[in-house]
$ cat target_5.txt   # compact mmCIF, C-alpha atoms
# COMPACT_ATOMS: atom_id res chain seq x y z
CA MET A 1290 215.68 -15.93 -6.44
CA TRP A 1291 214.50 -17.46 -3.16
CA GLY A 1292 211.12 -15.76 -3.53
CA ILE A 1293 210.58 -17.30 -6.96
CA SER A 1294 211.91 -20.66 -5.75
CA PHE A 1295 208.62 -21.62 -4.08
CA ILE A 1296 207.00 -21.81 -7.51
CA SER A 1297 209.82 -24.01 -8.85
CA ILE A 1298 209.75 -26.21 -5.73
CA LYS A 1299 206.05 -26.88 -6.26
CA ILE A 1300 206.78 -27.96 -9.86
CA ALA A 1301 209.93 -29.98 -9.07
CA MET A 1302 208.28 -31.92 -6.23
CA THR A 1303 206.20 -33.72 -8.87
CA VAL A 1304 209.35 -35.84 -9.32
CA PHE A 1305 211.51 -35.17 -6.25
CA PRO A 1306 210.34 -35.76 -2.65
CA PRO A 1307 211.27 -32.88 -0.26
CA MET A 1308 214.59 -34.11 1.16
CA SER A 1309 215.72 -35.71 -2.12
CA LEU A 1310 215.10 -32.42 -3.91
CA ALA A 1311 217.20 -30.59 -1.32
CA PHE A 1312 220.00 -33.18 -1.63
CA TYR A 1313 220.28 -32.97 -5.42
CA ARG A 1314 220.01 -29.16 -5.29
CA PHE A 1315 222.96 -28.79 -2.94
CA LEU A 1316 224.94 -31.56 -4.62
CA LEU A 1317 224.89 -29.63 -7.89
CA ALA A 1318 225.43 -26.34 -6.04
CA SER A 1319 228.56 -27.76 -4.38
CA MET A 1320 229.88 -28.91 -7.76
CA ILE A 1321 229.40 -25.38 -9.10
CA LEU A 1322 230.86 -23.54 -6.09
CA TYR A 1323 233.99 -25.72 -5.83
CA PRO A 1324 235.78 -24.64 -9.05
CA ILE A 1325 234.79 -21.02 -8.40
CA MET A 1326 236.27 -21.22 -4.90
CA LYS A 1327 239.47 -22.77 -6.24
CA ARG A 1328 239.80 -20.07 -8.86
CA ILE A 1329 239.19 -17.17 -6.45
CA ASP A 1330 240.94 -18.54 -3.35
CA LYS A 1331 243.58 -20.93 -4.68
CA LYS A 1332 245.56 -21.20 -1.44
CA GLU A 1333 242.72 -20.99 1.07
CA ALA A 1334 241.96 -24.28 2.81
CA LEU A 1335 239.64 -25.18 5.66
CA ARG A 1336 241.58 -25.59 8.91
CA LYS A 1337 241.04 -28.84 10.80
CA LYS A 1338 240.00 -27.03 13.97
CA ASP A 1339 237.25 -25.20 12.07
CA VAL A 1340 235.77 -28.30 10.40
CA PRO A 1341 233.33 -29.11 13.26
CA LEU A 1342 232.02 -25.51 13.34
CA VAL A 1343 231.62 -25.23 9.57
CA ALA A 1344 230.04 -28.68 9.34
CA LEU A 1345 227.59 -28.02 12.20
CA ALA A 1346 226.63 -24.63 10.76
CA GLY A 1347 226.04 -26.18 7.33
CA VAL A 1348 223.92 -28.99 8.77
CA LEU A 1349 221.86 -26.58 10.88
CA GLY A 1350 221.35 -23.96 8.17
CA ILE A 1351 220.68 -26.37 5.32
CA THR A 1352 219.77 -29.94 6.39
CA VAL A 1353 217.98 -29.27 9.68
CA TYR A 1354 216.33 -26.10 8.40
CA PHE A 1355 214.89 -27.82 5.33
CA TYR A 1356 213.81 -30.82 7.43
CA PHE A 1357 211.82 -28.60 9.79
CA GLU A 1358 210.46 -26.32 7.07
CA ASN A 1359 209.37 -29.13 4.72
CA ASN A 1360 207.67 -31.05 7.53
CA GLY A 1361 206.01 -27.88 8.75
CA LEU A 1362 204.65 -27.11 5.28
CA LEU A 1363 203.19 -30.62 5.10
CA ARG A 1364 201.14 -29.95 8.25
CA ILE A 1365 200.09 -26.29 8.09
CA SER A 1366 199.23 -23.85 5.33
CA ALA A 1367 201.87 -21.85 3.48
CA ASN A 1368 200.21 -18.70 4.87
CA ASP A 1369 200.73 -19.75 8.48
CA ALA A 1370 204.27 -20.91 7.72
CA SER A 1371 205.12 -17.51 6.18
CA ILE A 1372 204.04 -15.70 9.34
CA ILE A 1373 206.13 -17.90 11.61
CA ILE A 1374 209.23 -17.72 9.38
CA ALA A 1375 208.79 -13.91 9.36
CA MET A 1376 209.76 -14.01 13.03
CA LEU A 1377 213.25 -15.21 12.04
CA PRO A 1378 214.78 -11.69 12.09
CA VAL A 1379 213.55 -11.26 15.68
CA GLY A 1380 215.26 -14.50 16.71
CA ALA A 1381 218.39 -13.52 14.78
CA ALA A 1382 218.48 -10.07 16.43
CA ILE A 1383 218.16 -11.62 19.90
CA GLY A 1384 220.89 -14.14 19.10
CA GLU A 1385 223.18 -11.43 17.74
CA ARG A 1386 222.65 -9.37 20.90
CA VAL A 1387 223.28 -12.29 23.28
CA PHE A 1388 226.13 -14.10 21.53
CA LEU A 1389 227.81 -11.46 19.36
CA LYS A 1390 227.12 -8.56 21.77
CA LYS A 1391 225.76 -6.36 18.99
CA LYS A 1392 223.00 -3.92 19.87
CA LEU A 1393 219.93 -3.38 17.70
CA LYS A 1394 218.31 0.05 17.71
CA LEU A 1395 214.74 0.25 19.00
CA LEU A 1396 213.52 1.67 15.68
CA SER A 1397 215.03 -1.32 13.84
CA LEU A 1398 213.31 -3.75 16.21
CA ILE A 1399 209.98 -1.99 15.66
CA ALA A 1400 210.53 -2.17 11.89
CA ILE A 1401 211.25 -5.91 12.11
CA ILE A 1402 208.03 -6.49 14.05
CA ALA A 1403 206.15 -4.32 11.53
CA SER A 1404 207.45 -6.53 8.71
CA VAL A 1405 205.71 -9.51 10.34
CA PHE A 1406 202.38 -7.66 10.15
CA GLY A 1407 203.25 -6.68 6.59
CA ILE A 1408 203.65 -10.33 5.61
CA TYR A 1409 200.31 -11.10 7.30
CA MET A 1410 198.74 -8.59 4.93
CA VAL A 1411 200.68 -9.98 1.94
CA ILE A 1412 199.12 -13.42 2.49
CA GLY A 1413 195.71 -11.75 2.48
CA GLY A 1414 195.19 -11.42 6.22
CA GLU A 1415 194.15 -15.06 6.44
CA LEU A 1416 195.38 -17.88 8.68
CA ARG A 1417 194.10 -21.35 7.86
CA GLY A 1418 195.34 -23.46 10.73
CA GLY A 1419 196.41 -27.11 10.52
CA ASN A 1420 198.12 -29.78 12.58
CA PRO A 1421 199.57 -28.13 15.75
CA SER A 1422 202.82 -30.08 15.26
CA GLY A 1423 203.36 -28.08 12.06
CA TYR A 1424 203.88 -24.92 14.10
CA TRP A 1425 206.53 -26.60 16.22
CA TYR A 1426 208.34 -27.71 13.08
CA MET A 1427 208.33 -24.11 11.78
CA PHE A 1428 209.64 -22.79 15.10
CA GLY A 1429 212.35 -25.43 14.86
CA ALA A 1430 213.24 -23.98 11.45
CA ILE A 1431 213.54 -20.49 12.98
CA ILE A 1432 215.74 -21.69 15.83
CA SER A 1433 218.05 -23.76 13.60
CA TYR A 1434 218.52 -20.94 11.08
CA SER A 1435 219.07 -18.31 13.77
CA ILE A 1436 221.79 -20.47 15.35
CA TYR A 1437 223.24 -21.05 11.88
CA LEU A 1438 223.54 -17.30 11.27
CA ILE A 1439 225.22 -16.73 14.64
CA MET A 1440 227.69 -19.59 14.06
CA THR A 1441 228.50 -18.49 10.51
CA LYS A 1442 229.26 -14.82 11.15
CA PRO A 1443 232.63 -15.39 12.97
CA LEU A 1444 233.86 -17.63 10.13
CA PHE A 1445 234.27 -14.60 7.87
CA ASP A 1446 237.18 -13.45 10.05
CA ARG A 1447 239.16 -16.43 8.69
CA TYR A 1448 237.58 -17.37 5.36
CA SER A 1449 236.15 -15.73 2.26
CA ASP A 1450 232.42 -15.68 1.44
CA ILE A 1451 232.79 -18.26 -1.35
CA THR A 1452 234.76 -20.67 0.86
CA VAL A 1453 232.13 -20.56 3.60
CA ALA A 1454 229.33 -20.98 1.04
CA PHE A 1455 230.99 -24.04 -0.56
CA TYR A 1456 231.85 -25.97 2.61
CA GLN A 1457 228.48 -25.33 4.22
CA SER A 1458 226.75 -26.45 1.03
CA LEU A 1459 228.90 -29.59 0.96
CA PHE A 1460 228.31 -30.58 4.59
CA GLY A 1461 224.61 -29.78 4.30
CA CYS A 1462 224.38 -31.98 1.20
CA ILE A 1463 226.16 -34.92 2.89
CA ALA A 1464 223.77 -34.76 5.86
CA PHE A 1465 220.80 -35.25 3.50
CA ILE A 1466 222.03 -38.71 2.42
CA PRO A 1467 220.34 -40.75 5.22
CA PHE A 1468 216.95 -39.31 4.20
CA LEU A 1469 217.33 -40.64 0.66
CA PHE A 1470 216.70 -44.21 1.84
CA PHE A 1471 213.18 -43.25 2.92
CA GLU A 1472 212.13 -41.43 -0.28
CA THR A 1473 211.59 -42.47 -3.90
CA VAL A 1474 212.36 -40.14 -6.81
CA ARG A 1475 209.89 -40.51 -9.69
CA TRP A 1476 212.43 -40.28 -12.53
CA ASP A 1477 209.81 -41.59 -14.96
CA LEU A 1478 207.83 -38.34 -14.53
CA LEU A 1479 210.80 -36.09 -15.36
CA THR A 1480 210.03 -33.57 -18.11
CA THR A 1481 211.89 -30.65 -19.70
CA ASN A 1482 209.87 -28.17 -17.64
CA ILE A 1483 210.62 -29.95 -14.36
CA THR A 1484 214.31 -30.24 -15.32
CA LEU A 1485 214.57 -26.51 -16.02
CA ASN A 1486 212.92 -25.70 -12.69
CA PHE A 1487 215.32 -28.06 -10.92
CA PHE A 1488 218.34 -26.37 -12.51
CA PHE A 1489 216.93 -22.98 -11.49
CA LEU A 1490 216.71 -24.22 -7.88
CA ALA A 1491 220.16 -25.81 -7.88
CA ILE A 1492 222.19 -23.25 -9.84
CA LEU A 1493 220.55 -19.93 -8.99
CA CYS A 1494 218.89 -20.58 -5.61
CA SER A 1495 221.27 -23.05 -3.94
CA ALA A 1496 224.56 -21.84 -5.49
CA VAL A 1497 224.31 -18.19 -6.60
CA ALA A 1498 221.75 -16.93 -4.06
CA SER A 1499 223.45 -18.82 -1.22
CA TYR A 1500 226.76 -17.16 -2.11
CA PHE A 1501 225.07 -13.74 -2.31
CA TYR A 1502 223.58 -14.32 1.13
CA MET A 1503 226.99 -15.26 2.57
CA TYR A 1504 228.38 -12.02 1.13
CA ALA A 1505 225.51 -10.04 2.69
CA LEU A 1506 225.88 -11.79 6.05
CA ASN A 1507 229.59 -10.99 6.05
CA HIS A 1508 229.19 -7.30 5.21
CA LEU A 1509 225.86 -6.44 6.86
CA GLY A 1510 225.65 -8.60 9.95
CA VAL A 1511 223.14 -11.14 11.24
CA SER A 1512 220.02 -9.07 11.96
CA ILE A 1513 220.33 -6.96 8.79
CA ALA A 1514 220.77 -10.00 6.54
CA ALA A 1515 217.87 -11.75 8.31
CA ILE A 1516 215.36 -8.92 7.78
CA PHE A 1517 215.84 -9.17 4.01
CA MET A 1518 214.43 -12.71 4.17
CA ASN A 1519 211.06 -11.14 4.95
CA LEU A 1520 211.02 -9.88 1.36
CA ILE A 1521 210.74 -13.50 0.16
CA PRO A 1522 206.91 -13.69 0.54
CA VAL A 1523 206.64 -10.32 -1.22
CA VAL A 1524 208.67 -11.58 -4.20
CA THR A 1525 206.62 -14.81 -4.25
CA PHE A 1526 203.42 -12.76 -4.24
CA ILE A 1527 204.59 -10.58 -7.15
CA ALA A 1528 205.93 -13.58 -9.11
CA SER A 1529 202.60 -15.41 -8.68
CA PHE A 1530 200.80 -12.38 -10.06
CA ILE A 1531 203.11 -12.18 -13.10
CA ILE A 1532 203.40 -15.93 -13.83
CA PHE A 1533 200.00 -17.28 -12.77
CA GLY A 1534 197.95 -14.11 -13.12
CA GLU A 1535 196.74 -14.23 -9.51
CA THR A 1536 194.62 -11.28 -8.39
CA MET A 1537 196.26 -8.57 -6.28
CA LYS A 1538 194.18 -7.33 -3.34
CA TRP A 1539 194.69 -3.89 -1.84
CA ILE A 1540 195.62 -5.41 1.53
CA GLN A 1541 198.38 -7.44 -0.15
CA LEU A 1542 199.78 -4.39 -1.93
CA LEU A 1543 199.71 -2.46 1.35
CA GLY A 1544 201.44 -5.34 3.13
CA ALA A 1545 204.16 -5.47 0.47
CA GLY A 1546 204.73 -1.75 0.97
CA VAL A 1547 204.98 -2.22 4.76
CA VAL A 1548 207.59 -5.00 4.40
CA ILE A 1549 209.67 -2.99 1.92
CA ALA A 1550 209.47 0.08 4.17
CA ALA A 1551 210.50 -2.00 7.21
CA VAL A 1552 213.54 -3.40 5.40
CA SER A 1553 214.47 0.13 4.28
CA VAL A 1554 214.27 1.45 7.86
CA VAL A 1555 216.49 -1.31 9.24
CA THR A 1556 218.99 -0.80 6.41
CA ARG A 1557 219.13 2.96 6.98
CA GLN A 1558 219.68 2.44 10.71
CA HIS A 1559 222.59 0.16 9.87
CA GLU A 1560 224.08 2.75 7.49
CA ALA A 1561 223.74 5.45 10.15
CA ILE A 1562 225.85 3.33 12.51
CA GLU A 1563 228.46 2.15 10.00
CA VAL A 1564 229.05 5.28 7.92
CA ILE A 1565 231.17 8.04 9.47
CA PRO A 1566 230.65 11.53 7.99
CA GLU A 1567 233.73 12.95 6.24
CA ASN A 1568 233.97 15.94 8.54
CA GLN A 1569 234.34 13.61 11.53
CA VAL A 1570 237.26 11.65 10.11
CA SER A 1571 240.63 12.80 11.40
CA ASP A 1572 243.47 13.63 9.01
CA SER A 1573 245.43 10.72 10.44
$ encode --input "target_5.txt" --output "structure tokens"
Amino acid sequence: MWGISFISIKIAMTVFPPMSLAFYRFLLASMILYPIMKRIDKKEALRKKDVPLVALAGVLGITVYFYFENNGLLRISANDASIIIAMLPVGAAIGERVFLKKKLKLLSLIAIIASVFGIYMVIGGELRGGNPSGYWYMFGAIISYSIYLIMTKPLFDRYSDITVAFYQSLFGCIAFIPFLFFETVRWDLLTTNITLNFFFLAILCSAVASYFYMYALNHLGVSIAAIFMNLIPVVTFIASFIIFGETMKWIQLLGAGVVIAAVSVVTRQHEAIEVIPENQVSDS
């Protein structure tokens, strides 16, 4: 869903400026997640002492991340941005090791680094440059999202996946409000096609996919969940081929294979640590 979202974002931004689009996406996502949360976890409520942590995580992972990413994309090419964002799993792995004291196997680290080269091939092995400040914005996006992942992981000890997803979406949405005063939505340009793409972004990408990612983060851990984000450019590449008929180059196909293989290696390393063979389990 997130891989296809880049195509919908490009279409929706005909009407919605970057931060306004993010605000309306997460506003609708929060409205969808709330009744689901109440139905699944009727008695679960956010504790007052956890409000600052949940709010800060939501602002960092949603508001700040989109601010940095959108501004970065305005200044450098999407190709360059993809390469920098591909370093997110490295930052997440380091953060997980330092703050959560979880070790990452050497083979997994090598696979994560290999996925960065894989994405370089997916974008055609071409970097186009741009305003140097754009790179700093993208690194800001990496740092904010890495911190967000580290802050979110402990919350699952006290709350369900859907509860974390809703409150973070809500706080992230609220933090977008100040930006709305500096942008103008072109409602007069709204069409059925743009509306459908907006609903895809809000319902599937901001609500459903965000919940799925919370579930994955809870059950797989920070570095494992982060490496899957490197599949986003691969999905975008495949979707562009199917929807827009863009030509596939051999280097892009090879790069997609490298990224998929890297994700598979990291996942298998995780399974090797988590799964205990039956013959090693005691009768007790």
$ atom_distance --input "target_5.txt" --atom1 "atom CA of Ile1439 of chain A" --atom2 "atom CA of Val1405 of chain A"
21.2 Å
$ closest_residue --input "target_5.txt" --among "A:Ile1373, A:Leu1322, A:Ala1545, A:Ile1466" --to "Asp1450 of chain A" --atoms "all atoms listed in the file"
A:Leu1322
$ closest_residue --input "target_5.txt" --among "A:Trp1476, A:Val1340, A:Arg1557, A:Arg1314" --to "Ser1294 of chain A" --atoms "all atoms listed in the file"
A:Arg1314
$ closest_residue --input "target_5.txt" --among "A:Leu1317, A:Ile1374, A:Met1302, A:Leu1542" --to "Tyr1426 of chain A" --atoms "all atoms listed in the file"
A:Ile1374
$ closest_residue --input "target_5.txt" --among "A:Ile1399, A:Ile1549, A:Ala1370, A:Val1554" --to "Val1524 of chain A" --atoms "all atoms listed in the file"
A:Ile1549
